$ cat run.tsv   # TSV, C-alpha atoms
chain	number	residue	atom	x	y	z
A	4	MET	CA	-98.14	67.93	8.08
A	5	SER	CA	-99.84	66.72	11.26
A	6	LEU	CA	-98.70	64.23	13.88
A	7	LYS	CA	-102.14	62.59	13.84
A	8	GLY	CA	-101.77	58.83	14.13
A	9	LYS	CA	-97.98	59.01	14.56
A	10	ALA	CA	-96.45	56.87	17.32
A	11	LEU	CA	-93.98	58.64	19.63
A	12	PHE	CA	-91.74	56.87	22.15
A	13	ILE	CA	-90.66	59.49	24.72
A	14	THR	CA	-88.26	58.65	27.56
A	15	GLY	CA	-88.68	60.54	30.82
A	16	ALA	CA	-92.18	61.61	29.75
A	17	SER	CA	-93.96	61.46	33.10
A	18	ARG	CA	-93.33	65.17	33.71
A	19	GLY	CA	-91.50	68.27	32.51
A	20	ILE	CA	-90.16	68.57	28.98
A	21	GLY	CA	-90.94	64.99	27.96
A	22	LEU	CA	-94.58	65.32	29.02
A	23	ALA	CA	-94.89	68.71	27.30
A	24	ILE	CA	-93.66	67.20	24.01
A	25	GLY	CA	-96.14	64.35	24.42
A	26	LEU	CA	-99.04	66.69	25.14
A	27	ARG	CA	-98.24	68.85	22.12
A	28	ALA	CA	-98.27	65.75	19.90
A	29	ALA	CA	-101.46	64.50	21.56
A	30	ARG	CA	-103.26	67.68	20.53
A	31	ASP	CA	-102.63	66.57	16.93
A	32	GLY	CA	-104.06	63.13	17.70
A	33	ALA	CA	-100.75	61.29	18.12
A	34	ASN	CA	-100.10	58.02	19.95
A	35	VAL	CA	-97.69	58.63	22.82
A	36	VAL	CA	-95.65	56.12	24.80
A	37	ILE	CA	-94.74	57.45	28.25
A	38	ALA	CA	-91.52	55.53	28.92
A	39	ALA	CA	-90.39	56.47	32.43
A	40	LYS	CA	-89.65	55.04	35.85
A	41	SER	CA	-92.28	56.93	37.87
A	42	ALA	CA	-95.02	54.41	38.55
A	43	GLU	CA	-95.64	55.62	42.12
A	44	PRO	CA	-96.11	59.24	43.30
A	45	HIS	CA	-92.94	60.94	44.54
A	46	PRO	CA	-93.02	63.45	47.44
A	47	LYS	CA	-90.93	66.03	45.54
A	48	LEU	CA	-91.74	65.22	41.91
A	49	PRO	CA	-95.17	65.69	40.31
A	50	GLY	CA	-96.75	63.04	38.16
A	51	THR	CA	-96.40	59.38	37.27
A	52	ILE	CA	-96.61	57.55	33.94
A	53	TYR	CA	-100.31	57.02	34.69
A	54	THR	CA	-101.16	60.66	35.42
A	55	ALA	CA	-99.19	61.60	32.29
A	56	ALA	CA	-101.18	59.06	30.27
A	57	ALA	CA	-104.44	60.57	31.53
A	58	GLU	CA	-103.27	64.03	30.41
A	59	ILE	CA	-102.29	62.68	27.00
A	60	GLU	CA	-105.71	61.09	26.52
A	61	GLN	CA	-107.47	64.26	27.69
A	62	ALA	CA	-105.44	66.30	25.18
A	63	GLY	CA	-106.71	64.14	22.32
A	64	GLY	CA	-104.05	61.47	21.93
A	65	ARG	CA	-103.75	57.79	22.73
A	66	ALA	CA	-101.37	56.89	25.55
A	67	LEU	CA	-99.34	53.83	26.49
A	68	PRO	CA	-97.72	54.21	29.94
A	69	LEU	CA	-94.74	51.86	30.38
A	70	VAL	CA	-92.39	51.51	33.32
A	71	VAL	CA	-89.01	51.86	31.61
A	72	ASP	CA	-85.54	52.19	33.10
A	73	VAL	CA	-83.42	53.16	30.10
A	74	ARG	CA	-80.44	51.40	31.75
A	75	ASP	CA	-82.13	48.00	31.41
A	76	GLU	CA	-81.63	46.47	27.95
A	77	GLU	CA	-84.38	43.87	28.15
A	78	VAL	CA	-86.89	46.41	29.44
A	79	VAL	CA	-86.07	48.82	26.60
A	80	LYS	CA	-86.39	46.09	23.97
A	81	GLU	CA	-89.71	44.94	25.41
A	82	ALA	CA	-91.07	48.51	25.62
A	83	ILE	CA	-90.29	49.25	21.99
A	84	GLY	CA	-91.87	45.94	21.04
A	85	ARG	CA	-95.01	46.85	23.02
A	86	THR	CA	-95.11	50.21	21.24
A	87	VAL	CA	-95.11	48.61	17.78
A	88	GLU	CA	-97.58	45.95	18.88
A	89	THR	CA	-99.99	48.54	20.32
A	90	PHE	CA	-99.78	51.27	17.69
A	91	GLY	CA	-98.75	49.30	14.61
A	92	GLY	CA	-95.39	50.97	14.21
A	93	LEU	CA	-92.98	53.59	15.53
A	94	ASP	CA	-92.48	57.01	13.94
A	95	ILE	CA	-90.64	59.21	16.43
A	96	VAL	CA	-88.22	58.63	19.32
A	97	VAL	CA	-87.47	61.36	21.86
A	98	ASN	CA	-84.43	60.71	24.05
A	99	ASN	CA	-85.28	63.04	26.91
A	100	ALA	CA	-84.46	60.98	30.03
A	101	SER	CA	-81.46	62.47	31.78
A	102	ALA	CA	-79.65	62.58	35.12
A	103	ILE	CA	-77.77	65.60	36.43
A	104	SER	CA	-75.16	66.31	39.09
A	105	LEU	CA	-73.30	69.61	38.86
A	106	THR	CA	-70.28	68.61	40.91
A	107	PRO	CA	-66.56	69.21	40.36
A	108	THR	CA	-64.46	66.11	39.81
A	109	PRO	CA	-63.22	65.52	43.40
A	110	GLN	CA	-66.80	65.75	44.72
A	111	THR	CA	-68.33	63.49	42.03
A	112	ASP	CA	-69.28	60.11	43.45
A	113	MET	CA	-68.47	57.39	40.91
A	114	LYS	CA	-71.93	55.87	41.34
A	115	ARG	CA	-73.35	59.21	40.26
A	116	PHE	CA	-70.91	59.37	37.34
A	117	ASP	CA	-72.04	55.91	36.25
A	118	LEU	CA	-75.73	56.80	36.65
A	119	MET	CA	-75.42	59.89	34.42
A	120	HIS	CA	-73.58	57.97	31.72
A	121	GLN	CA	-75.91	54.98	31.88
A	122	ILE	CA	-79.03	57.15	31.54
A	123	ASN	CA	-77.82	60.01	29.35
A	124	THR	CA	-75.32	58.56	26.88
A	125	ARG	CA	-75.86	54.79	27.06
A	126	GLY	CA	-79.64	55.09	27.41
A	127	THR	CA	-79.84	57.36	24.37
A	128	PHE	CA	-77.66	55.00	22.34
A	129	MET	CA	-79.62	51.91	23.39
A	130	VAL	CA	-83.14	53.29	22.87
A	131	SER	CA	-82.08	54.55	19.44
A	132	LYS	CA	-80.43	51.22	18.57
A	133	TYR	CA	-83.54	49.16	19.23
A	134	ALA	CA	-85.84	51.70	17.58
A	135	ILE	CA	-83.95	51.80	14.26
A	136	PRO	CA	-85.45	48.62	12.66
A	137	HIS	CA	-88.96	49.98	13.29
A	138	LEU	CA	-88.18	53.57	12.28
A	139	GLU	CA	-86.88	52.25	8.94
A	140	LYS	CA	-90.47	51.27	8.12
A	141	ALA	CA	-91.97	54.66	9.07
A	142	GLU	CA	-93.06	57.29	6.56
A	143	ASN	CA	-91.19	60.24	8.12
A	144	PRO	CA	-89.05	58.87	10.99
A	145	HIS	CA	-87.31	61.14	13.49
A	146	ILE	CA	-85.03	60.68	16.49
A	147	LEU	CA	-84.67	63.74	18.72
A	148	MET	CA	-82.19	64.17	21.57
A	149	LEU	CA	-82.67	66.78	24.28
A	150	SER	CA	-78.97	67.56	24.24
A	151	PRO	CA	-76.67	70.51	23.57
A	152	PRO	CA	-74.72	71.71	20.54
A	153	LEU	CA	-71.21	70.27	20.37
A	154	ASP	CA	-69.52	73.52	21.42
A	155	MET	CA	-66.15	72.22	22.62
A	156	LYS	CA	-65.23	75.00	25.03
A	157	GLU	CA	-63.39	74.52	28.30
A	158	LYS	CA	-66.01	76.56	30.19
A	159	TRP	CA	-68.69	73.93	29.54
A	160	PHE	CA	-66.59	71.10	30.99
A	161	ALA	CA	-64.49	72.57	33.80
A	162	PRO	CA	-67.27	73.26	36.38
A	163	HIS	CA	-69.05	69.86	36.11
A	164	LEU	CA	-67.01	67.50	33.95
A	165	ALA	CA	-69.00	64.32	34.67
A	166	TYR	CA	-72.35	65.87	33.72
A	167	SER	CA	-70.96	67.58	30.64
A	168	LEU	CA	-69.42	64.33	29.39
A	169	ALA	CA	-72.77	62.56	29.78
A	170	LYS	CA	-74.78	65.29	27.99
A	171	PHE	CA	-72.24	65.72	25.20
A	172	GLY	CA	-72.32	61.93	24.83
A	173	MET	CA	-75.97	62.29	23.85
A	174	SER	CA	-74.99	64.91	21.28
A	175	LEU	CA	-72.24	62.69	19.89
A	176	CYS	CA	-74.97	60.11	19.32
A	177	VAL	CA	-76.75	62.74	17.21
A	178	LEU	CA	-73.61	63.41	15.20
A	179	GLY	CA	-72.92	59.74	14.55
A	180	LEU	CA	-76.46	58.50	14.04
A	181	ALA	CA	-77.35	61.35	11.69
A	182	GLY	CA	-74.62	60.19	9.34
A	183	GLU	CA	-75.23	56.50	9.89
A	184	LEU	CA	-78.97	56.68	9.33
A	185	ARG	CA	-79.13	59.27	6.54
A	186	PRO	CA	-79.10	56.56	3.85
A	187	LYS	CA	-82.10	54.97	5.60
A	188	GLY	CA	-84.03	58.26	5.61
A	189	ILE	CA	-84.15	58.54	9.42
A	190	ALA	CA	-83.63	62.08	10.75
A	191	VAL	CA	-81.57	62.56	13.92
A	192	ASN	CA	-81.43	66.00	15.54
A	193	ALA	CA	-80.72	67.70	18.87
A	194	LEU	CA	-82.82	70.35	20.59
A	195	TRP	CA	-81.63	72.50	23.48
A	196	PRO	CA	-83.10	75.47	25.39
A	197	ARG	CA	-81.46	78.89	25.40
A	198	THR	CA	-82.75	79.52	28.92
A	199	THR	CA	-83.45	77.40	31.94
A	200	ILE	CA	-86.80	75.62	31.73
A	201	ALA	CA	-89.30	75.49	34.58
A	202	THR	CA	-89.02	71.82	35.52
A	203	SER	CA	-88.76	69.91	38.78
A	204	ALA	CA	-85.01	69.51	38.21
A	205	VAL	CA	-84.52	73.27	37.99
A	206	LYS	CA	-86.64	73.85	41.09
A	207	ASN	CA	-85.24	71.04	43.23
A	208	LEU	CA	-81.60	70.84	42.11
A	209	LEU	CA	-80.55	74.12	40.55
A	210	GLY	CA	-82.13	77.18	42.06
A	211	GLY	CA	-85.54	76.83	43.66
A	212	ASP	CA	-88.48	79.13	42.96
A	213	ALA	CA	-86.24	82.08	42.06
A	214	MET	CA	-84.75	80.21	39.11
A	215	VAL	CA	-88.17	78.92	38.07
A	216	ARG	CA	-89.37	82.53	37.77
A	217	ALA	CA	-86.36	83.29	35.56
A	218	SER	CA	-87.19	80.37	33.27
A	219	ARG	CA	-89.35	79.61	30.27
A	220	THR	CA	-92.04	76.93	30.22
A	221	PRO	CA	-91.46	73.48	28.72
A	222	GLU	CA	-93.96	74.40	26.00
A	223	ILE	CA	-91.25	76.26	24.06
A	224	LEU	CA	-89.42	72.97	23.54
A	225	ALA	CA	-92.68	71.15	22.81
A	226	ASP	CA	-93.59	73.62	20.08
A	227	ALA	CA	-90.11	73.38	18.59
A	228	ALA	CA	-90.14	69.57	18.70
A	229	SER	CA	-93.51	69.44	16.97
A	230	LEU	CA	-92.15	71.50	14.07
A	231	ILE	CA	-89.00	69.36	13.87
A	232	PHE	CA	-91.09	66.18	13.56
A	233	GLN	CA	-92.96	67.69	10.63
A	234	LYS	CA	-89.75	68.36	8.68
A	235	PRO	CA	-88.89	65.90	5.89
A	236	ALA	CA	-86.67	63.29	7.54
A	237	ARG	CA	-84.56	62.68	4.44
A	238	SER	CA	-83.37	66.29	4.24
A	239	PHE	CA	-83.58	67.66	7.80
A	240	SER	CA	-81.02	65.79	9.89
A	241	GLY	CA	-77.82	66.35	11.86
A	242	HIS	CA	-78.92	69.72	13.28
A	243	PHE	CA	-78.13	71.05	16.75
A	244	LEU	CA	-81.01	73.43	17.36
A	245	ILE	CA	-81.54	76.10	20.01
A	246	ASP	CA	-85.25	76.37	20.77
A	247	ASP	CA	-85.98	80.06	20.19
A	248	ALA	CA	-83.60	80.45	17.23
A	249	PHE	CA	-85.23	77.48	15.47
A	250	LEU	CA	-88.75	78.76	16.23
A	251	ALA	CA	-87.84	82.23	14.98
A	252	GLY	CA	-86.68	80.65	11.72
A	253	GLU	CA	-90.10	79.02	11.47
A	254	GLY	CA	-91.87	82.37	11.83
A	255	VAL	CA	-92.55	82.46	15.58
A	256	THR	CA	-92.25	85.99	16.98
A	257	ASP	CA	-94.00	85.82	20.37
A	258	PHE	CA	-91.66	84.40	22.99
A	259	GLN	CA	-93.28	86.25	25.90
A	260	LYS	CA	-95.94	83.54	26.14
A	261	TYR	CA	-93.25	81.11	27.32
A	262	ARG	CA	-92.10	83.31	30.23
A	263	ILE	CA	-92.92	82.21	33.78
A	264	ASP	CA	-92.46	85.77	35.10
A	265	PRO	CA	-91.85	88.46	32.46
A	266	SER	CA	-90.60	90.86	35.15
A	267	VAL	CA	-87.59	88.64	35.90
A	268	PRO	CA	-84.61	88.48	33.48
A	269	LEU	CA	-84.23	85.08	31.83
A	270	MET	CA	-81.52	82.74	33.14
A	271	PRO	CA	-79.25	81.43	30.35
A	272	ASP	CA	-78.86	77.66	30.19
A	273	PHE	CA	-75.57	75.76	30.01
A	274	PHE	CA	-73.93	74.89	26.71
A	275	VAL	CA	-75.45	77.62	24.51
A	276	PRO	CA	-72.69	78.71	22.09
A	277	ASP	CA	-71.58	82.34	22.20
A	278	ASP	CA	-72.21	82.63	18.46
A	279	SER	CA	-75.90	81.74	18.84
A	280	PRO	CA	-77.64	85.10	19.46
A	281	ALA	CA	-81.18	85.23	20.78
A	282	PRO	CA	-83.83	86.23	18.24
A	283	ALA	CA	-84.45	89.97	18.12
A	284	ALA	CA	-87.66	91.11	19.77
A	285	PRO	CA	-90.31	92.16	17.24
A	286	ALA	CA	-90.40	95.89	16.55
$ encode --input "run.tsv" --output "structure tokens"
Amino acid sequence: MSLKGKALFITGASRGIGLAIGLRAARDGANVVIAAKSAEPHPKLPGTIYTAAAEIEQAGGRALPLVVDVRDEEVVKEAIGRTVETFGGLDIVVNNASAISLTPTPQTDMKRFDLMHQINTRGTFMVSKYAIPHLEKAENPHILMLSPPLDMKEKWFAPHLAYSLAKFGMSLCVLGLAGELRPKGIAVNALWPRTTIATSAVKNLLGGDAMVRASRTPEILADAASLIFQKPARSFSGHFLIDDAFLAGEGVTDFQKYRIDPSVPLMPDFFVPDDSPAPAAPA
């Protein structure tokens, strides 16, 4: 199954993981909505919705760049309406937009707490909510959250409670919507990386160039997402997938191609359950 002609609505798609998922779909000839806030260049962050749209078109897809703040209900409703109007329908929603602040509770500013919950949990809920009536009409509709498995361990919450609550809120949306939408034939799944991913957030907020070298490229998530979207929506739903484990199950054996620097040990990401071993290297 190809994504040719499918319409994808991807939040936070002006750069990083969201853009990589869009580019992978564009290579199949998909229609990609870049729903993000970056209309003007940022001194520390590469790309805008317009540069992303140019990349999508160059990769073989059709692009619709829209300035979307996922906190704004009217803007979200209008953007989904524009998507359907432009591409004749909506097939896939990717809830990728996210805010992060790895602070302990006493040092967490409440404005930052609110921002993370408004973007991560509420934004995911709201984009999904307004997409549902259109996804119901699609041939093989999928909603994908870039959020972690629901591994309820103290160690994932204690160091940065506010952020963990906001990310797990996205995953709770997966759990609830998968059950709610199963009768409608809409798949809802979560995808999460085993390692840190070389994005602007990792470079600017988490560990600079050293952590980037210990990371994988966003293409590992893009390849996994592409395979998820090709699964039958009526039977493949409610899964919390780790990128390399899912790809290995689909027959992928070469994970070296996703390494930024193969000489540097990979940095594990947050929230990966202890009982999720990495795929064995090929003999």
$ residues_around --input "run.tsv" --residues "Phe90 of chain A" --least-positions-apart "5" --cutoff "10 Å" --atoms "only C-alpha atoms" --output "list in words"
Gly8, Lys9, Ala10, Leu11, Asn34, Val35, Val36, Arg65, Ala66, Leu67 and Arg85 of chain A
$ closest_atom_pairs --input "run.tsv" --of "segment 82-154 of chain A" --to "segment 226-244 of chain A" --cutoff "9 Å" --atoms "all atoms listed in the file" --output "tab-separated table"
residue	atom	partner	partner_atom	distance
A:Ile95	CA	A:Phe232	CA	7.6
A:Glu142	CA	A:Ala236	CA	8.8
A:Asn143	CA	A:Ala236	CA	5.5
A:Pro144	CA	A:Ala236	CA	6.1
A:His145	CA	A:Phe232	CA	6.3
A:Ile146	CA	A:Phe232	CA	8.7
A:Leu147	CA	A:Ala228	CA	8.0
A:Ser150	CA	A:Phe243	CA	8.3
A:Pro151	CA	A:Phe243	CA	7.0
A:Pro152	CA	A:Phe243	CA	5.1
A:Leu153	CA	A:Phe243	CA	7.8
$ closest_residue --input "run.tsv" --among "A:Pro265, A:Ser104, A:Asn99, A:Ser17" --to "His45 of chain A" --atoms "all atoms listed in the file"
A:Ser17
$ closest_residue --input "run.tsv" --among "A:Ile189, A:Ala225, A:Val177, A:Val70" --to "Ala42 of chain A" --atoms "all atoms listed in the file"
A:Val70
$ closest_residue --input "run.tsv" --among "A:Ala217, A:Ala56, A:Ala284, A:Ala248" --to "Arg197 of chain A" --atoms "only C-alpha atoms"
A:Ala248
$ atom_distance --input "run.tsv" --atom1 "atom CA of Ile59 of chain A" --atom2 "atom CA of Leu224 of chain A"
16.8 Å
$ residues_around --input "run.tsv" --residues "Ala55 of chain A" --least-positions-apart "5" --cutoff "9 Å" --atoms "all atoms listed in the file" --output "list of chain:residue names"
A:Ala16, A:Ser17, A:Arg18, A:Leu22, A:Gly25, A:Leu26, A:Ile37, A:Gly50, A:Glu60, A:Ala66, A:Pro68
$ residues_near_point --input "run.tsv" --point "(-74.6, 61.0, 22.2)" --cutoff "12 Å" --atoms "all atoms listed in the file" --output "short mmCIF file (atom, residue, chain, number, x, y, z; two decimals) with C-alpha atoms, in the frame of the given file"
data_model
loop_
_atom_site.label_atom_id
_atom_site.label_comp_id
_atom_site.auth_asym_id
_atom_site.auth_seq_id
_atom_site.Cartn_x
_atom_site.Cartn_y
_atom_site.Cartn_z
CA ASN A 98 -84.43 60.71 24.05
CA ASN A 99 -85.28 63.04 26.91
CA SER A 101 -81.46 62.47 31.78
CA HIS A 120 -73.58 57.97 31.72
CA GLN A 121 -75.91 54.98 31.88
CA ILE A 122 -79.03 57.15 31.54
CA ASN A 123 -77.82 60.01 29.35
CA THR A 124 -75.32 58.56 26.88
CA ARG A 125 -75.86 54.79 27.06
CA GLY A 126 -79.64 55.09 27.41
CA THR A 127 -79.84 57.36 24.37
CA PHE A 128 -77.66 55.00 22.34
CA MET A 129 -79.62 51.91 23.39
CA VAL A 130 -83.14 53.29 22.87
CA SER A 131 -82.08 54.55 19.44
CA LYS A 132 -80.43 51.22 18.57
CA ILE A 146 -85.03 60.68 16.49
CA LEU A 147 -84.67 63.74 18.72
CA MET A 148 -82.19 64.17 21.57
CA LEU A 149 -82.67 66.78 24.28
CA SER A 150 -78.97 67.56 24.24
CA PRO A 151 -76.67 70.51 23.57
CA PRO A 152 -74.72 71.71 20.54
CA LEU A 153 -71.21 70.27 20.37
CA SER A 167 -70.96 67.58 30.64
CA LEU A 168 -69.42 64.33 29.39
CA ALA A 169 -72.77 62.56 29.78
CA LYS A 170 -74.78 65.29 27.99
CA PHE A 171 -72.24 65.72 25.20
CA GLY A 172 -72.32 61.93 24.83
CA MET A 173 -75.97 62.29 23.85
CA SER A 174 -74.99 64.91 21.28
CA LEU A 175 -72.24 62.69 19.89
CA CYS A 176 -74.97 60.11 19.32
CA VAL A 177 -76.75 62.74 17.21
CA LEU A 178 -73.61 63.41 15.20
CA GLY A 179 -72.92 59.74 14.55
CA LEU A 180 -76.46 58.50 14.04
CA ALA A 181 -77.35 61.35 11.69
CA VAL A 191 -81.57 62.56 13.92
CA ASN A 192 -81.43 66.00 15.54
CA ALA A 193 -80.72 67.70 18.87
CA PHE A 243 -78.13 71.05 16.75
#
$ residues_around --input "run.tsv" --residues "Asp31 of chain A" --least-positions-apart "2" --cutoff "6 Å" --atoms "all atoms listed in the file" --output "ChimeraX atom specification"
/A:6-7,28-29,33
$ closest_residue --input "run.tsv" --among "A:Ala100, A:Ala62, A:Ala281, A:Leu269" --to "Lys40 of chain A" --atoms "all atoms listed in the file"
A:Ala100
$ closest_residue --input "run.tsv" --among "A:Thr14, A:Thr51, A:Thr86, A:Thr108" --to "Arg74 of chain A" --atoms "all atoms listed in the file"
A:Thr14
$ closest_residue --input "run.tsv" --among "A:His137, A:Arg115, A:Arg219, A:His163" --to "Asp94 of chain A" --atoms "all atoms listed in the file"
A:His137
$ residues_near_point --input "run.tsv" --point "(-86.0, 53.0, 11.9)" --cutoff "6 Å" --atoms "all atoms listed in the file" --output "MDAnalysis selection string"
chainID A and resid 134:139
$ write_last_selection --input "run.tsv" --atoms "C-alpha atoms" --output "mmCIF file, in the coordinates of the input"
data_model
loop_
_atom_site.group_PDB
_atom_site.id
_atom_site.type_symbol
_atom_site.label_atom_id
_atom_site.label_comp_id
_atom_site.auth_asym_id
_atom_site.auth_seq_id
_atom_site.Cartn_x
_atom_site.Cartn_y
_atom_site.Cartn_z
ATOM 1 C CA ALA A 134 -85.840 51.700 17.580
ATOM 2 C CA ILE A 135 -83.950 51.800 14.260
ATOM 3 C CA PRO A 136 -85.450 48.620 12.660
ATOM 4 C CA HIS A 137 -88.960 49.980 13.290
ATOM 5 C CA LEU A 138 -88.180 53.570 12.280
ATOM 6 C CA GLU A 139 -86.880 52.250 8.940
#
$ atom_distance --input "run.tsv" --atom1 "atom CA of Val275 of chain A" --atom2 "atom CA of Ala102 of chain A"
18.9 Å
$ residues_around --input "run.tsv" --residues "Met270 of chain A" --least-positions-apart "3" --cutoff "8 Å" --atoms "only C-alpha atoms" --output "VMD selection string"
chain A and resid 198 to 199 214 217 to 218
$ write_last_selection --input "run.tsv" --atoms "C-alpha atoms" --output "compact mmCIF listing (two decimals), keeping the file's coordinate frame"
# COMPACT_ATOMS: atom_id res chain seq x y z
CA THR A 198 -82.75 79.52 28.92
CA THR A 199 -83.45 77.40 31.94
CA MET A 214 -84.75 80.21 39.11
CA ALA A 217 -86.36 83.29 35.56
CA SER A 218 -87.19 80.37 33.27
$ atom_distance --input "run.tsv" --atom1 "atom CA of Ser5 of chain A" --atom2 "atom CA of Gly64 of chain A"
12.6 Å
